[in-house]
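Worksheet: the structure to be examined is printed underneath.
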Number of protein chains: 2
Amino acid sequence: MSQQQQPASVGIVHPQTVQFEEPLALSNGRTLDNFELIYETYGELNADKSNAVLICHALSGNHHAAGVYSDDDKRPGWWDHYIGPGKAIDTNKFFVIALNNLGGCHGSTGPNTINPATGKPWGSDFPILRCRDWVHSQARLLDHLGVEQLAAVVGGSLGGMQAMRWSLEYPDKIRHCIVIASAMNLSSQNIAFNNIARSAISKDPDWHDGHFYDFKTKPRIGLSLARKIAHVTYLSDDLMGEKFGRELKRGNFDLGTEFDYEFQIESYLEYQGDTFAESFDANTYILMTRALDYFDLAREYNDNPSEAFSHTKCGFLVISFSTDWRFAPQRSQEIVEALLAARRPVSYAEIESSYGHDAFLLPNKRYEDLFAAYMNNVAKELNNAG
Amino acid sequence: MSQQQQPASVGIVHPQTVQFEEPLALSNGRTLDNFELIYETYGELNADKSNAVLICHALSGNHHAAGVYSDDDKRPGWWDHYIGPGKAIDTNKFFVIALNNLGGCHGSTGPNTINPATGKPWGSDFPILRCRDWVHSQARLLDHLGVEQLAAVVGGSLGGMQAMRWSLEYPDKIRHCIVIASAMNLSSQNIAFNNIARSAISKDPDWHDGHFYDFKTKPRIGLSLARKIAHVTYLSDDLMGEKFGRELKRGNFDLGTEFDYEFQIESYLEYQGDTFAESFDANTYILMTRALDYFDLAREYNDNPSEAFSHTKCGFLVISFSTDWRFAPQRSQEIVEALLAARRPVSYAEIESSYGHDAFLLPNKRYEDLFAAYMNNVAKELNNAG
């Protein structure tokens, strides 16, 4: 392997913004007259525009998937380990597009941006979206970038749902669909956890029916609780046991300070929740969890997922993680079975990991190798075609 | 089986209250100068006072374990299915004692009773308790009832922790220890869920640092959220799938009413949470979850559970349920292994059930049969001794 093929960072990146003036009809019957998307790209679009890879983000993700914003930026994008020169999604070969979804809170049109009708933030008046709405808005971004067909669309968790919806909404526009730690719909238990998270937000007195911006406040307590619940369900029991066990903050039971946090896991969670509550938008959180709940791949296909997948034309890679209990390997196997029944080309791997659902974001040799091998084959197709 | 041996109700029962004037030294260094316990008994204490069975309740339990309060009372005690004439804990054979634990909210001295020092409800000034404090207070109740040795102490979940603590604190006072759906300590994940529940309560603006009684309010929203979180973790994913699946309240996605509850599971949970919040005390909830977190059977025995159990003198029955993920069968197996290593007599069964942690409260033929068979042997010992 030569020097320049060593995995490296995409370096300093610059987000861009594009305004779409053509109205977007949404699945709930409402229309967005115009909207803005913020995105980043890594690598170069090749001459025949065949090497584009779209990254779909999960609940709390955004457009900053790789690289840094300055030389001393210590926090690279959220999927930097998997996107870059020589990495699984190799920017020497692919033109990678990462955006903040519509309804997000990191620069795309969403609840925290101005509603032209009122001159105030949309808040909870922002339309609830479904995965297909994101897919349609993402297709606009591809038009803008001059990409007619994606080499691959890639996503983990809620991102995997978008990737699957892409395969159905635009079968001619994608050649590969990579679905990581996802499911064809949420289980009742998953919906229940999301419901509790939403309740925590919408019952916070600082929620103000989703118009907290007007009151110069935010439902920090509710959003922090929501995040804590999600965080526990994204980790595995094993990992929490390894990382925190029953370790006490002060080394022994100090029952005098009765409402303090006694266990390390408690202060860790508190920190996670509070940090998230400062940086994320509560309306976006509700919107994203609703999109998760509503996603149901086969609902319009007689609840028959193989009938749904029979409309697709791409190859599939499906990946799950052994200790992920929120999107368990079994849910990925259901995807694979439906694809096989529909006679679609599919590769599947269950990766051993102790990191639960979060594993899809974290370093893991086998995951990297397998992901890279698949993407390498996708790249070879480009060369053969070129 | 004759007519009177058919499983039946213990009938109409009457709670009783006893006041203890001798100070109780607590594990956190504080002392309760006096305290009251509310309890019920079912069946008759035999002549040699050898047939008493103590029932230890779990987080949200109380002293009303069996029977009804009037002829038209439609809601029998919480363990009525397992306590009564001809039932697993046969009141034709046993004298059954069920109490509301110290710190509870159903009649025993606790946060919602008057603190003699202030003339106001204790609230969060009530001492945080550990399982051993309950065991010591329960021993006082036995003294009051003239019971020197229990035929058995029985408990599920947090009740199972008390039963195990009994076997260590008073090895000469119990002949059998029945531990159902429990663990020798909570996992990090379990502590995390309890932490989130406590946060939801203590960050409710109606919490008032645990002195909400003085403000004629209660932290309903926080307590409801706490209950919803617990409820989801007490059910199995499978059961929720069977019971609710992805069933929609109005039969289809109605995205216009965006903050309503779309799925049946959501309104079910909301009802559970709100009902609980009306009837339970928030300080007691915090106290009970703390007792769960703190329980650590072997902490004072070099973290060696078999060393701990080597101090016991009773027989053990350990029961777990296949889909219980909050107190998984593995956690019960650890108890069994420690008992075997300590050469203690132990029977173990993992019961197939789709009901998750809640299974220990619900009808289940194999569980009933096995439980009844063990208790029948306990009763036979009485007859042999008598």
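Convention: chains lettered A, B, ... in structure tokens order; per-chain residue numbering from 1; ligands numbered from 1 as shown.
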
Select, as a PyMOL selection string, those residues of chain B with any atom no more than 6 Å from chain A (distances computed using only C-alpha atoms).
chain B and resi 28+188-189+237+240-241+245-246+255

Using N, CA and C atoms, can you export the residues from the last selection as an mmCIF file, in the first residue's frame?
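Output (again.cif):
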```cif
data_model
loop_
_atom_site.group_PDB
_atom_site.id
_atom_site.type_symbol
_atom_site.label_atom_id
_atom_site.label_comp_id
_atom_site.auth_asym_id
_atom_site.auth_seq_id
_atom_site.Cartn_x
_atom_site.Cartn_y
_atom_site.Cartn_z
ATOM 1 N N ASN B 28 -27.682 3.797 57.217
ATOM 2 C CA ASN B 28 -26.989 5.040 56.835
ATOM 3 C C ASN B 28 -26.588 5.866 58.058
ATOM 4 N N SER B 188 -25.424 -2.155 35.604
ATOM 5 C CA SER B 188 -25.271 -0.742 35.272
ATOM 6 C C SER B 188 -26.484 -0.234 34.481
ATOM 7 N N GLN B 189 -26.969 -1.060 33.564
ATOM 8 C CA GLN B 189 -28.129 -0.671 32.757
ATOM 9 C C GLN B 189 -29.363 -0.462 33.633
ATOM 10 N N ASP B 237 -40.155 -7.382 24.892
ATOM 11 C CA ASP B 237 -40.315 -6.873 23.534
ATOM 12 C C ASP B 237 -41.370 -7.717 22.802
ATOM 13 N N MET B 240 -44.989 -6.950 24.005
ATOM 14 C CA MET B 240 -45.457 -5.673 23.475
ATOM 15 C C MET B 240 -45.804 -5.830 22.005
ATOM 16 N N GLY B 241 -44.976 -6.608 21.298
ATOM 17 C CA GLY B 241 -45.255 -6.872 19.889
ATOM 18 C C GLY B 241 -46.589 -7.579 19.708
ATOM 19 N N GLY B 245 -48.128 -4.416 18.862
ATOM 20 C CA GLY B 245 -47.488 -4.386 17.559
ATOM 21 C C GLY B 245 -47.295 -2.946 17.115
ATOM 22 N N ARG B 246 -47.676 -2.665 15.879
ATOM 23 C CA ARG B 246 -47.596 -1.301 15.348
ATOM 24 C C ARG B 246 -49.014 -0.774 15.120
ATOM 25 N N LEU B 255 -51.409 12.342 10.045
ATOM 26 C CA LEU B 255 -50.285 13.193 10.418
ATOM 27 C C LEU B 255 -50.679 14.635 10.673
#
```

Set the distance at 9 Å and use only C-alpha atoms: which residues neighbour segment 167-181 of chain B once local chain neighbours fewer than 4 positions away are removed? I'd like the list as a PyMOL selection string.
chain B and resi 132+135-136+139+148-163+297+308-321+324+326-329+331-332+357-360+378

One decimal, Å: what's the distance from atom CA of Pro363 of chain B over to atom CA of His57 of chain B, could you say?
17.4 Å

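The spacing separating atom CA of Asp143 of chain B from atom CA of Tyr374 of chain B amounts to 26.1 Å.
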
Could you state the separation of atom CA of Gln333 of chain A and atom CA of Glu300 of chain A in Å, given to one decimal place?
21.0 Å

I need the residues in segment 83-270 of chain B that are strand (DSSP E) according to DSSP; give them as a ChimeraX atom specification.
/B:83-84,89-90,95-99,114-115,120-121,152-156,176-180

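When only C-alpha atoms are used to measure the gap to Ala58 of chain B, the shortest distance among B:Ile97, B:Met288, B:Leu248, B:Leu24 belongs to B:Met288.
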
Pick from B:Glu278, B:Asp214, B:Glu337, B:Asp369, whichever lies nearest to Gly123 of chain B using only C-alpha atoms
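Using only C-alpha atoms, Gly123 of chain B sits closest to B:Asp214.
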
Using only C-alpha atoms, pick whichever of A:Pro121, A:Pro305, A:Pro23, A:Gly356 has the shortest atom-to-atom distance to Glu334 of chain A.
A:Pro305

What lies within 6 Å of segment 76-88 of chain A using only C-alpha atoms, ignoring chain neighbours under 4 positions off, as a ChimeraX atom specification?
/A:5-10,64-68,92,371-372

Residue contacts of Pro15 of chain B (12 Å, only C-alpha atoms) excluding same-chain residues fewer than 3 positions away, as a ChimeraX atom specification:
/B:12,18,37-42,62-69,77,97-100,106-108

Using only C-alpha atoms, the residue out of B:Asn283, B:Asn46, B:Asn364, B:Ser353 with shortest distance to Gly110 of chain B is B:Asn283

Which residues in segment 66-262 of chain A does DSSP call alpha helix (DSSP H)? List them as a short mmCIF file (atom, residue, chain, number, x, y, z; two decimals) with N, CA and C atoms, in the first residue's frame.
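Just written: states.cif:
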```cif
data_model
loop_
_atom_site.label_atom_id
_atom_site.label_comp_id
_atom_site.auth_asym_id
_atom_site.auth_seq_id
_atom_site.Cartn_x
_atom_site.Cartn_y
_atom_site.Cartn_z
N CYS A 131 -39.68 9.34 6.11
CA CYS A 131 -38.43 9.05 5.40
C CYS A 131 -38.53 9.40 3.93
N ARG A 132 -39.68 9.14 3.32
CA ARG A 132 -39.81 9.39 1.87
C ARG A 132 -39.68 10.88 1.55
N ASP A 133 -40.11 11.74 2.49
CA ASP A 133 -39.94 13.18 2.26
C ASP A 133 -38.46 13.54 2.22
N TRP A 134 -37.70 12.92 3.10
CA TRP A 134 -36.26 13.17 3.08
C TRP A 134 -35.66 12.69 1.77
N VAL A 135 -36.07 11.49 1.36
CA VAL A 135 -35.55 10.92 0.12
C VAL A 135 -35.85 11.88 -1.05
N HIS A 136 -37.08 12.41 -1.09
CA HIS A 136 -37.43 13.33 -2.19
C HIS A 136 -36.60 14.61 -2.13
N SER A 137 -36.38 15.10 -0.91
CA SER A 137 -35.58 16.33 -0.80
C SER A 137 -34.11 16.05 -1.14
N GLN A 138 -33.65 14.86 -0.79
CA GLN A 138 -32.27 14.48 -1.12
C GLN A 138 -32.10 14.35 -2.64
N ALA A 139 -33.15 13.90 -3.32
CA ALA A 139 -33.10 13.78 -4.79
C ALA A 139 -32.92 15.16 -5.42
N ARG A 140 -33.55 16.17 -4.78
CA ARG A 140 -33.36 17.54 -5.29
C ARG A 140 -31.89 17.97 -5.18
N LEU A 141 -31.28 17.57 -4.06
CA LEU A 141 -29.87 17.92 -3.86
C LEU A 141 -29.00 17.26 -4.93
N LEU A 142 -29.32 16.00 -5.27
CA LEU A 142 -28.56 15.32 -6.32
C LEU A 142 -28.71 16.05 -7.65
N ASP A 143 -29.95 16.48 -7.96
CA ASP A 143 -30.18 17.25 -9.20
C ASP A 143 -29.27 18.48 -9.21
N HIS A 144 -29.25 19.15 -8.07
CA HIS A 144 -28.43 20.35 -7.95
C HIS A 144 -26.96 20.05 -8.21
N LEU A 145 -26.52 18.89 -7.75
CA LEU A 145 -25.11 18.53 -7.90
C LEU A 145 -24.82 17.84 -9.24
N LEU A 158 -31.79 5.11 11.53
CA LEU A 158 -32.76 5.87 10.73
C LEU A 158 -32.20 6.15 9.34
N GLY A 159 -30.88 6.27 9.22
CA GLY A 159 -30.25 6.45 7.92
C GLY A 159 -30.44 5.22 7.02
N GLY A 160 -30.43 4.05 7.62
CA GLY A 160 -30.67 2.81 6.87
C GLY A 160 -32.09 2.75 6.34
N MET A 161 -33.03 3.30 7.12
CA MET A 161 -34.41 3.37 6.66
C MET A 161 -34.52 4.26 5.42
N GLN A 162 -33.81 5.39 5.45
CA GLN A 162 -33.80 6.26 4.27
C GLN A 162 -33.18 5.55 3.07
N ALA A 163 -32.10 4.81 3.33
CA ALA A 163 -31.45 4.09 2.23
C ALA A 163 -32.42 3.08 1.60
N MET A 164 -33.15 2.35 2.46
CA MET A 164 -34.13 1.39 1.92
C MET A 164 -35.24 2.11 1.16
N ARG A 165 -35.68 3.25 1.68
CA ARG A 165 -36.75 3.99 1.00
C ARG A 165 -36.26 4.50 -0.36
N TRP A 166 -34.98 4.88 -0.43
CA TRP A 166 -34.37 5.26 -1.71
C TRP A 166 -34.52 4.13 -2.74
N SER A 167 -34.26 2.92 -2.27
CA SER A 167 -34.29 1.78 -3.21
C SER A 167 -35.68 1.56 -3.80
N LEU A 168 -36.70 2.02 -3.08
CA LEU A 168 -38.07 1.87 -3.55
C LEU A 168 -38.57 3.09 -4.31
N GLU A 169 -38.19 4.28 -3.85
CA GLU A 169 -38.70 5.52 -4.46
C GLU A 169 -38.00 5.82 -5.78
N SER A 188 -42.85 -2.41 18.79
CA SER A 188 -43.67 -1.72 19.77
C SER A 188 -42.80 -1.17 20.91
N GLN A 189 -41.81 -1.94 21.31
CA GLN A 189 -40.93 -1.48 22.38
C GLN A 189 -40.14 -0.23 21.97
N ASN A 190 -39.68 -0.24 20.73
CA ASN A 190 -38.96 0.93 20.23
C ASN A 190 -39.86 2.16 20.20
N ILE A 191 -41.08 1.99 19.73
CA ILE A 191 -42.03 3.10 19.70
C ILE A 191 -42.27 3.60 21.12
N ALA A 192 -42.37 2.66 22.06
CA ALA A 192 -42.60 3.03 23.46
C ALA A 192 -41.47 3.92 23.98
N PHE A 193 -40.23 3.53 23.72
CA PHE A 193 -39.11 4.37 24.18
C PHE A 193 -39.17 5.76 23.53
N ASN A 194 -39.49 5.79 22.24
CA ASN A 194 -39.60 7.09 21.57
C ASN A 194 -40.74 7.92 22.15
N ASN A 195 -41.83 7.26 22.47
CA ASN A 195 -42.97 7.97 23.06
C ASN A 195 -42.57 8.61 24.39
N ILE A 196 -41.83 7.86 25.20
CA ILE A 196 -41.42 8.39 26.51
C ILE A 196 -40.50 9.60 26.31
N ALA A 197 -39.61 9.50 25.34
CA ALA A 197 -38.72 10.62 25.04
C ALA A 197 -39.53 11.85 24.63
N ARG A 198 -40.51 11.64 23.76
CA ARG A 198 -41.35 12.78 23.32
C ARG A 198 -42.16 13.36 24.47
N SER A 199 -42.69 12.47 25.32
CA SER A 199 -43.44 12.94 26.49
C SER A 199 -42.57 13.81 27.38
N ALA A 200 -41.35 13.34 27.59
CA ALA A 200 -40.44 14.09 28.47
C ALA A 200 -40.26 15.51 27.93
N ILE A 201 -40.18 15.64 26.61
CA ILE A 201 -40.00 16.97 26.00
C ILE A 201 -41.30 17.78 26.07
N SER A 202 -42.39 17.15 25.64
CA SER A 202 -43.62 17.95 25.46
C SER A 202 -44.29 18.26 26.79
N ARG A 220 -34.91 22.09 28.16
CA ARG A 220 -33.65 21.39 28.44
C ARG A 220 -33.86 20.11 29.24
N ILE A 221 -34.70 20.20 30.27
CA ILE A 221 -34.87 19.04 31.15
C ILE A 221 -35.48 17.88 30.37
N GLY A 222 -36.51 18.18 29.59
CA GLY A 222 -37.17 17.13 28.82
C GLY A 222 -36.24 16.52 27.77
N LEU A 223 -35.50 17.39 27.09
CA LEU A 223 -34.61 16.91 26.03
C LEU A 223 -33.46 16.09 26.64
N SER A 224 -32.99 16.52 27.80
CA SER A 224 -31.93 15.78 28.48
C SER A 224 -32.43 14.39 28.88
N LEU A 225 -33.65 14.32 29.42
CA LEU A 225 -34.22 13.02 29.78
C LEU A 225 -34.38 12.15 28.53
N ALA A 226 -34.89 12.75 27.46
CA ALA A 226 -35.08 12.00 26.20
C ALA A 226 -33.77 11.39 25.76
N ARG A 227 -32.71 12.17 25.80
CA ARG A 227 -31.41 11.70 25.36
C ARG A 227 -30.88 10.60 26.27
N LYS A 228 -31.10 10.76 27.57
CA LYS A 228 -30.63 9.74 28.51
C LYS A 228 -31.30 8.40 28.22
N ILE A 229 -32.60 8.44 27.99
CA ILE A 229 -33.33 7.20 27.69
C ILE A 229 -32.74 6.57 26.42
N ALA A 230 -32.62 7.39 25.37
CA ALA A 230 -32.10 6.87 24.11
C ALA A 230 -30.69 6.31 24.31
N HIS A 231 -29.89 7.05 25.02
CA HIS A 231 -28.49 6.66 25.20
C HIS A 231 -28.39 5.27 25.84
N VAL A 232 -29.19 5.04 26.87
CA VAL A 232 -29.16 3.72 27.53
C VAL A 232 -29.56 2.62 26.56
N THR A 233 -30.52 2.92 25.70
CA THR A 233 -30.97 1.87 24.78
C THR A 233 -30.02 1.68 23.61
N TYR A 234 -29.14 2.65 23.37
CA TYR A 234 -28.17 2.50 22.29
C TYR A 234 -26.92 1.76 22.75
N ASP A 237 -26.06 -3.74 27.47
CA ASP A 237 -25.95 -4.02 28.90
C ASP A 237 -24.52 -4.41 29.25
N ASP A 238 -23.92 -5.24 28.39
CA ASP A 238 -22.54 -5.70 28.61
C ASP A 238 -21.57 -4.53 28.66
N LEU A 239 -21.70 -3.63 27.67
CA LEU A 239 -20.76 -2.52 27.59
C LEU A 239 -20.88 -1.64 28.82
N MET A 240 -22.12 -1.35 29.22
CA MET A 240 -22.31 -0.53 30.41
C MET A 240 -21.70 -1.22 31.62
N GLY A 241 -21.86 -2.54 31.65
CA GLY A 241 -21.26 -3.30 32.75
C GLY A 241 -19.74 -3.17 32.76
N GLU A 242 -19.14 -3.30 31.57
CA GLU A 242 -17.68 -3.19 31.46
C GLU A 242 -17.20 -1.79 31.81
N LYS A 243 -17.93 -0.79 31.27
CA LYS A 243 -17.47 0.59 31.36
C LYS A 243 -17.70 1.18 32.75
#
```

For Asn383 of chain A, work out the shell of residues within 12 Å, counting only C-alpha atoms and skipping chain neighbours fewer than 3 positions away, then give it as a list in words.
Asn46, Ala47, Asp48, Ser50, Asn51, Lys93, Phe94, Ala151, Asn376, Asn377, Val378, Ala379, Lys380 and Gly386 of chain A

Selection to disk with C-alpha atoms, as a PDB file, in the first residue's frame:
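Produced file part-v7.pdb, reproduced below:
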```
ATOM      1  CA  ASN A  46     -15.809  11.799 -11.725  1.00  0.00           C
ATOM      2  CA  ALA A  47     -16.283  12.696 -15.383  1.00  0.00           C
ATOM      3  CA  ASP A  48     -19.305  10.468 -15.975  1.00  0.00           C
ATOM      4  CA  SER A  50     -21.098   7.825 -11.574  1.00  0.00           C
ATOM      5  CA  ASN A  51     -19.154   7.799  -8.307  1.00  0.00           C
ATOM      6  CA  LYS A  93     -12.699   6.803  -5.401  1.00  0.00           C
ATOM      7  CA  PHE A  94     -16.024   8.268  -4.390  1.00  0.00           C
ATOM      8  CA  ALA A 151     -23.117   4.545  -6.809  1.00  0.00           C
ATOM      9  CA  ASN A 376     -14.237  -1.609  -3.267  1.00  0.00           C
ATOM     10  CA  ASN A 377     -16.434  -3.802  -5.437  1.00  0.00           C
ATOM     11  CA  VAL A 378     -18.768  -0.871  -6.002  1.00  0.00           C
ATOM     12  CA  ALA A 379     -15.745   1.165  -7.102  1.00  0.00           C
ATOM     13  CA  LYS A 380     -14.594  -1.631  -9.440  1.00  0.00           C
ATOM     14  CA  GLY A 386     -15.549   3.654 -17.397  1.00  0.00           C
TER      15      GLY A 386
END
```
